[in-house]
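Asks: Handing you a structure now.
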Amino acid sequence: EVQLVESGGGLVQAGGSLRLSCTASGAFDAYGIGWFRQAPGKERESVSCINLSDGRTYYDEDVKGRFKISVDHTMNTVYLQMNNLKSDDTGVYYCAGRCSPGGPLGQGTQVTVSS
């Protein structure tokens, strides 16, 4: 079973940028990779997803135009470039081999945006 590990989180000021990485232990074995986030006291929500076969992407309305998802098959890594970050983007970000937020997730990576 391919394992996914998130990295790249940190503390950034509002308006700043971060790039998250979702690295697989081997070649991707899913149809797509999704990024999700959960803020304290809030439900888990979908952020973005990419179809690994045809490259189609999905973005939540809150991040559309600011975030960009991409894949590097040679590195077995999916990236989430996050620009113009807002305080509402604060949360733990997770990736998984699916585009729906339900189901198990890994440890995630913390993103904190200070205003």
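By order in the structure tokens, chains are A, B, ...; within a chain, residues start at 1; ligands start at 1, following the order shown.
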As a PyMOL selection string, which residues of chain A does DSSP assign to strand (DSSP E)?
Replies: chain A and resi 4-7+10-13+18-24+32-38+45-51+57-59+67-72+77-82+91-96+109-114
Asks: Near Thr112 of chain A, within 10 Å and counting only C-alpha atoms, which residues show up once chain neighbours fewer than 2 positions away are dropped, as a short mmCIF file (atom, residue, chain, number, x, y, z; two decimals) with C-alpha atoms, in the first residue's frame?
Replies:
```
data_model
loop_
_atom_site.label_atom_id
_atom_site.label_comp_id
_atom_site.auth_asym_id
_atom_site.auth_seq_id
_atom_site.Cartn_x
_atom_site.Cartn_y
_atom_site.Cartn_z
CA GLY A 9 3.34 23.81 6.31
CA GLY A 10 4.41 26.66 8.53
CA LEU A 11 3.65 30.10 9.86
CA VAL A 12 3.14 32.85 7.32
CA GLN A 13 1.72 36.33 7.33
CA ALA A 14 -1.50 37.11 5.52
CA ALA A 39 -9.48 24.23 11.29
CA LEU A 85 -2.99 33.35 2.11
CA LYS A 86 -5.70 34.53 4.47
CA SER A 87 -6.27 33.88 8.16
CA ASP A 88 -9.21 31.66 7.20
CA ASP A 89 -6.74 29.32 5.47
CA THR A 90 -5.32 28.36 8.86
CA GLY A 91 -5.67 24.68 9.66
CA VAL A 92 -4.14 21.27 9.31
CA THR A 109 0.87 19.58 8.02
CA GLN A 110 -0.04 22.68 9.99
CA SER A 114 -1.24 35.43 10.93
CA SER A 115 -3.22 38.56 10.24
#
```
Asks: Which residues are near Ala27 of chain A? Cut-off 10 Å, only C-alpha atoms, ignore same chain within fewer than 3 positions. Put them as a ChimeraX atom specification.
Replies: /A:2-3,23-24,30,73-77
Asks: Give me the residues near Lys68 of chain A as a list in words, where near means some atom within 12 Å (using only C-alpha atoms) and where sequence neighbours in that chain fewer than 4 positions away do not count.
Replies: Ser17, Leu18, Arg19, Leu20, Ser21, Trp35, Val47, Ser48, Cys49, Ile50, Arg56, Thr57, Tyr58, Tyr59, Asp60, Val63, Lys64, Val78, Tyr79, Leu80, Gln81, Met82, Asn83 and Asn84 of chain A
Asks: Measure the distance from atom CA of Ile69 of chain A to atom CA of Gln38 of chain A in Å and round it to one decimal.
Replies: 18.0 Å
Asks: Between atom CA of Asn51 of chain A and atom CA of Gly16 of chain A, what is the distance, to one decimal in Å?
Replies: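 Taking atom CA of Asn51 of chain A and atom CA of Gly16 of chain A, their separation equals 27.1 Å.
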Asks: My list of candidates is A:Pro101, A:Gly32, A:Gly26, A:Gly106. Which is closest to Val71 of chain A when distances are computed with only C-alpha atoms?
Replies: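 Residue with the minimum atom-to-atom distance to Val71 of chain A: A:Gly32.
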Asks: One decimal, Å: what's the distance from atom CA of Arg66 of chain A over to atom CA of Asp29 of chain A, could you say?
Replies: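 Result for atom CA of Arg66 of chain A versus atom CA of Asp29 of chain A: 27.9 Å, one decimal.
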Asks: Rank nothing, just name the residue among A:Tyr93, A:Pro40, A:Asp72, A:Ser25 nearest to Leu105 of chain A, using only C-alpha atoms.
Replies: A:Tyr93
